[in-house]
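Novice: Before anything else, here's the structure in question.
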Amino acid sequence: MDHTSHHRTGTGHGHHPGHHDHAGRHQGAGSGASWSTAARATLHCLAGCAVGEILGMVVGTALLWGNVRTMALAIALAFLFGYSFTLFAVRRSGLGLKAAVKVALAADTVSIAVMEAVDNGIIALVPGAMDAHLSDGLFWGALLGGFAVAFVVTTPLNKWMIGRGKGHAVVHAHH
């Protein structure tokens, strides 16, 4: 995630009237995050979710697990990798482990949860996708289509949350 455009005024990063957002714009009542900021936050979250979910599908398939067990592993790993991407980023900025974990949980929980619900819901609804093998185009089409729809659904949510100082906005306060 590109954090080079963030200002460093030393005045804090609150999102109250009179403060400025990370691009230096006045953050008054009713203003929100830009679509590009929301899209970058969503892509960051989607990257972690995709790595975890695909790894979970591969491991579950290799272990000959059923759909429910494989999907549970994939979702757990999506959360783990989603949080890890943020955790590593805020740790690099000098934040201690305990504080970094709190930031990652605050930044990503809602986004990952919505993304996983949408993505896995689509996979479950596509006829035959749950029983498709990793070598089947149907599996990858449903998975990638689910990721695309999850991105479209989650970006406005992230825009709304960031504009109110929630979600990925807490990550920006540590850069």
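Chain labels follow the order of the structure tokens: the first chain is A, the next B, and so on; residue numbering restarts at 1 in every chain, and ligands are counted from 1 in their shown order.
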Report as a Markdown table the residues of segment 94-149 of chain A within 8 Å of segment 67-89 of chain A, each with its shortest atom pair and distance in Å (one decimal), using only C-alpha atoms, ordered by chain and increasing residue number.
Specialist:
| residue | atom | partner | partner_atom | distance |
| --- | --- | --- | --- | --- |
| A:Ala100 | CA | A:Leu87 | CA | 5.7 |
| A:Val101 | CA | A:Leu87 | CA | 6.2 |
| A:Val103 | CA | A:Leu87 | CA | 7.6 |
| A:Ala104 | CA | A:Tyr83 | CA | 5.5 |
| A:Leu105 | CA | A:Tyr83 | CA | 6.7 |
| A:Ala107 | CA | A:Thr86 | CA | 8.0 |
| A:Asp108 | CA | A:Tyr83 | CA | 6.5 |
| A:Thr109 | CA | A:Phe79 | CA | 7.9 |
| A:Ile112 | CA | A:Phe79 | CA | 6.5 |
| A:Glu116 | CA | A:Ile75 | CA | 6.8 |
| A:Met130 | CA | A:Asn67 | CA | 6.7 |
| A:Asp131 | CA | A:Asn67 | CA | 7.7 |
Novice: Do you know which residues are at most 8 Å from Asn158 of chain A counting only C-alpha atoms, after dropping those on the same chain fewer than 5 positions away, and could you put them as number ranges by chain?
Specialist: A: 38-39, 41-42, 111, 167-168
Novice: Residues as selected, all heavy atoms, written as a PDB file, in the first residue's frame, can you do that?
Specialist:
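For reference, result.pdb as written:
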ATOM      1  N   ALA A  38      -9.778   4.329  -0.703  1.00  0.00           N
ATOM      2  CA  ALA A  38     -10.606   3.165  -0.370  1.00  0.00           C
ATOM      3  C   ALA A  38     -10.241   1.963  -1.234  1.00  0.00           C
ATOM      4  O   ALA A  38     -10.164   0.835  -0.734  1.00  0.00           O
ATOM      5  CB  ALA A  38     -12.084   3.514  -0.547  1.00  0.00           C
ATOM      6  N   ALA A  39      -9.988   2.195  -2.504  1.00  0.00           N
ATOM      7  CA  ALA A  39      -9.613   1.092  -3.396  1.00  0.00           C
ATOM      8  C   ALA A  39      -8.271   0.491  -2.992  1.00  0.00           C
ATOM      9  O   ALA A  39      -8.111  -0.735  -2.985  1.00  0.00           O
ATOM     10  CB  ALA A  39      -9.565   1.578  -4.841  1.00  0.00           C
ATOM     11  N   ALA A  41      -6.938   0.485   0.035  1.00  0.00           N
ATOM     12  CA  ALA A  41      -7.165  -0.259   1.277  1.00  0.00           C
ATOM     13  C   ALA A  41      -7.843  -1.594   0.988  1.00  0.00           C
ATOM     14  O   ALA A  41      -7.494  -2.623   1.570  1.00  0.00           O
ATOM     15  CB  ALA A  41      -8.015   0.568   2.247  1.00  0.00           C
ATOM     16  N   THR A  42      -8.802  -1.584   0.075  1.00  0.00           N
ATOM     17  CA  THR A  42      -9.519  -2.805  -0.273  1.00  0.00           C
ATOM     18  C   THR A  42      -8.598  -3.789  -0.993  1.00  0.00           C
ATOM     19  O   THR A  42      -8.631  -4.994  -0.707  1.00  0.00           O
ATOM     20  CB  THR A  42     -10.753  -2.481  -1.131  1.00  0.00           C
ATOM     21  OG1 THR A  42     -11.558  -1.513  -0.437  1.00  0.00           O
ATOM     22  CG2 THR A  42     -11.582  -3.720  -1.402  1.00  0.00           C
ATOM     23  N   SER A 111     -13.592  -5.289   7.064  1.00  0.00           N
ATOM     24  CA  SER A 111     -13.311  -5.450   5.640  1.00  0.00           C
ATOM     25  C   SER A 111     -13.130  -6.917   5.264  1.00  0.00           C
ATOM     26  O   SER A 111     -13.713  -7.396   4.285  1.00  0.00           O
ATOM     27  CB  SER A 111     -12.060  -4.649   5.280  1.00  0.00           C
ATOM     28  OG  SER A 111     -11.788  -4.723   3.910  1.00  0.00           O
ATOM     29  N   GLY A 167     -11.428   1.564  10.290  1.00  0.00           N
ATOM     30  CA  GLY A 167     -10.827   0.684   9.293  1.00  0.00           C
ATOM     31  C   GLY A 167      -9.374   1.045   9.043  1.00  0.00           C
ATOM     32  O   GLY A 167      -8.604   1.254   9.975  1.00  0.00           O
ATOM     33  N   HIS A 168      -9.014   1.150   7.772  1.00  0.00           N
ATOM     34  CA  HIS A 168      -7.619   1.412   7.418  1.00  0.00           C
ATOM     35  C   HIS A 168      -7.139   2.791   7.843  1.00  0.00           C
ATOM     36  O   HIS A 168      -5.933   3.054   7.826  1.00  0.00           O
ATOM     37  CB  HIS A 168      -7.399   1.201   5.921  1.00  0.00           C
ATOM     38  CG  HIS A 168      -6.976  -0.193   5.612  1.00  0.00           C
ATOM     39  ND1 HIS A 168      -5.670  -0.532   5.421  1.00  0.00           N
ATOM     40  CD2 HIS A 168      -7.676  -1.340   5.505  1.00  0.00           C
ATOM     41  CE1 HIS A 168      -5.581  -1.825   5.199  1.00  0.00           C
ATOM     42  NE2 HIS A 168      -6.791  -2.341   5.242  1.00  0.00           N
TER      43      HIS A 168
END
Novice: Between A:Trp160, A:Ser93, A:Lys166, A:Lys98, which has the minimum distance to Ser34 of chain A (counting only C-alpha atoms)?
Specialist: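 Among the listed residues, the smallest separation from Ser34 of chain A belongs to A:Trp160.
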Novice: Rank A:Trp65, A:Trp35, A:Trp140, A:Phe147 by their smallest atom-to-atom distance to Asn120 of chain A, using only C-alpha atoms, and report the top residue only.
Specialist: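 Closest candidate: A:Phe147.
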Novice: Give me the residues within 12 Å of Gly145 of chain A as a PDB file with N, CA and C atoms, in the first residue's frame, counting only C-alpha atoms and dropping any in the same chain fewer than 4 places off.
Specialist:
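Result file around.pdb:
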ATOM      1  N   ALA A  50      -6.900 -13.233  -0.484  1.00  0.00           N
ATOM      2  CA  ALA A  50      -6.685 -14.131  -1.614  1.00  0.00           C
ATOM      3  C   ALA A  50      -5.572 -15.137  -1.310  1.00  0.00           C
ATOM      4  N   VAL A 118     -18.922 -12.269   1.131  1.00  0.00           N
ATOM      5  CA  VAL A 118     -19.330 -12.094  -0.268  1.00  0.00           C
ATOM      6  C   VAL A 118     -18.665 -13.145  -1.148  1.00  0.00           C
ATOM      7  N   ASP A 119     -17.353 -13.268  -1.023  1.00  0.00           N
ATOM      8  CA  ASP A 119     -16.602 -14.197  -1.865  1.00  0.00           C
ATOM      9  C   ASP A 119     -17.078 -15.633  -1.686  1.00  0.00           C
ATOM     10  N   ASN A 120     -17.162 -16.080  -0.452  1.00  0.00           N
ATOM     11  CA  ASN A 120     -17.577 -17.465  -0.204  1.00  0.00           C
ATOM     12  C   ASN A 120     -19.051 -17.681  -0.518  1.00  0.00           C
ATOM     13  N   GLY A 121     -19.857 -16.662  -0.343  1.00  0.00           N
ATOM     14  CA  GLY A 121     -21.263 -16.752  -0.730  1.00  0.00           C
ATOM     15  C   GLY A 121     -21.410 -16.974  -2.225  1.00  0.00           C
ATOM     16  N   ILE A 122     -20.601 -16.285  -2.995  1.00  0.00           N
ATOM     17  CA  ILE A 122     -20.655 -16.452  -4.450  1.00  0.00           C
ATOM     18  C   ILE A 122     -20.191 -17.849  -4.839  1.00  0.00           C
ATOM     19  N   ILE A 123     -19.108 -18.308  -4.240  1.00  0.00           N
ATOM     20  CA  ILE A 123     -18.626 -19.663  -4.542  1.00  0.00           C
ATOM     21  C   ILE A 123     -19.709 -20.696  -4.210  1.00  0.00           C
ATOM     22  N   LEU A 125     -22.886 -20.225  -4.209  1.00  0.00           N
ATOM     23  CA  LEU A 125     -24.057 -20.070  -5.070  1.00  0.00           C
ATOM     24  C   LEU A 125     -23.821 -20.484  -6.523  1.00  0.00           C
ATOM     25  N   VAL A 126     -22.570 -20.503  -6.963  1.00  0.00           N
ATOM     26  CA  VAL A 126     -22.294 -20.894  -8.354  1.00  0.00           C
ATOM     27  C   VAL A 126     -22.473 -22.411  -8.470  1.00  0.00           C
ATOM     28  N   ALA A 129     -19.503 -25.166  -8.287  1.00  0.00           N
ATOM     29  CA  ALA A 129     -18.215 -24.605  -7.858  1.00  0.00           C
ATOM     30  C   ALA A 129     -17.689 -25.263  -6.587  1.00  0.00           C
ATOM     31  N   GLY A 137     -11.593 -25.003 -14.422  1.00  0.00           N
ATOM     32  CA  GLY A 137     -11.824 -23.584 -14.679  1.00  0.00           C
ATOM     33  C   GLY A 137     -12.986 -23.037 -13.873  1.00  0.00           C
ATOM     34  N   LEU A 138     -13.992 -23.872 -13.624  1.00  0.00           N
ATOM     35  CA  LEU A 138     -15.148 -23.440 -12.848  1.00  0.00           C
ATOM     36  C   LEU A 138     -14.727 -22.999 -11.445  1.00  0.00           C
ATOM     37  N   PHE A 139     -13.833 -23.760 -10.822  1.00  0.00           N
ATOM     38  CA  PHE A 139     -13.353 -23.397  -9.490  1.00  0.00           C
ATOM     39  C   PHE A 139     -12.702 -22.012  -9.515  1.00  0.00           C
ATOM     40  N   TRP A 140     -11.748 -21.820 -10.431  1.00  0.00           N
ATOM     41  CA  TRP A 140     -11.011 -20.560 -10.495  1.00  0.00           C
ATOM     42  C   TRP A 140     -11.900 -19.410 -10.946  1.00  0.00           C
ATOM     43  N   GLY A 141     -12.828 -19.687 -11.858  1.00  0.00           N
ATOM     44  CA  GLY A 141     -13.751 -18.641 -12.295  1.00  0.00           C
ATOM     45  C   GLY A 141     -14.640 -18.158 -11.159  1.00  0.00           C
ATOM     46  N   VAL A 149     -16.300  -9.412  -7.116  1.00  0.00           N
ATOM     47  CA  VAL A 149     -17.536  -8.877  -6.517  1.00  0.00           C
ATOM     48  C   VAL A 149     -17.257  -8.401  -5.087  1.00  0.00           C
ATOM     49  N   ALA A 150     -16.443  -9.144  -4.345  1.00  0.00           N
ATOM     50  CA  ALA A 150     -16.101  -8.736  -2.976  1.00  0.00           C
ATOM     51  C   ALA A 150     -15.389  -7.386  -2.985  1.00  0.00           C
ATOM     52  N   PHE A 151     -14.522  -7.158  -3.955  1.00  0.00           N
ATOM     53  CA  PHE A 151     -13.843  -5.869  -4.077  1.00  0.00           C
ATOM     54  C   PHE A 151     -14.851  -4.746  -4.309  1.00  0.00           C
ATOM     55  N   VAL A 152     -15.781  -4.980  -5.240  1.00  0.00           N
ATOM     56  CA  VAL A 152     -16.787  -3.966  -5.569  1.00  0.00           C
ATOM     57  C   VAL A 152     -17.689  -3.665  -4.364  1.00  0.00           C
TER      58      VAL A 152
END
Novice: Choose the residue, out of A:Leu144, A:Ala132, A:Ala124, A:Val110, that has the smallest atom-to-atom separation from Cys45 of chain A; count only C-alpha atoms.
Specialist: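 The answer is A:Val110, which sits nearest to Cys45 of chain A.
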Novice: Using the chain letters and numbers from this document, which residues of segment 29-144 of chain A does DSSP assign to alpha helix (DSSP H), as a PyMOL selection string?
Specialist: chain A and resi 35-62+67-92+97-125+137-144
Novice: Record the distance separating atom CA of Met115 of chain A and atom CA of Asp136 of chain A, expressed in Å with one decimal.
Specialist: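 Distance between the two atoms: 23.0 Å.
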Novice: With distances taken over only C-alpha atoms, which residue among A:Pro156, A:Leu134, A:Leu43, A:Ala113 lies nearest Gly56 of chain A?
Specialist: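 Closest residue, counting only C-alpha atoms: A:Leu134.
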Novice: Measuring atom to atom with only C-alpha atoms, identify which of A:Thr61, A:Ala33, A:Arg92, A:Ala148 is nearest to Gly163 of chain A.
Specialist: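 Answer, going by the shortest atom-to-atom distance: A:Ala33.
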Novice: Report, in Å to a single decimal, how far apart atom CA of Thr37 of chain A and atom CA of Val90 of chain A are.
Specialist: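 Separation of atom CA of Val90 of chain A and atom CA of Thr37 of chain A: 17.2 Å.
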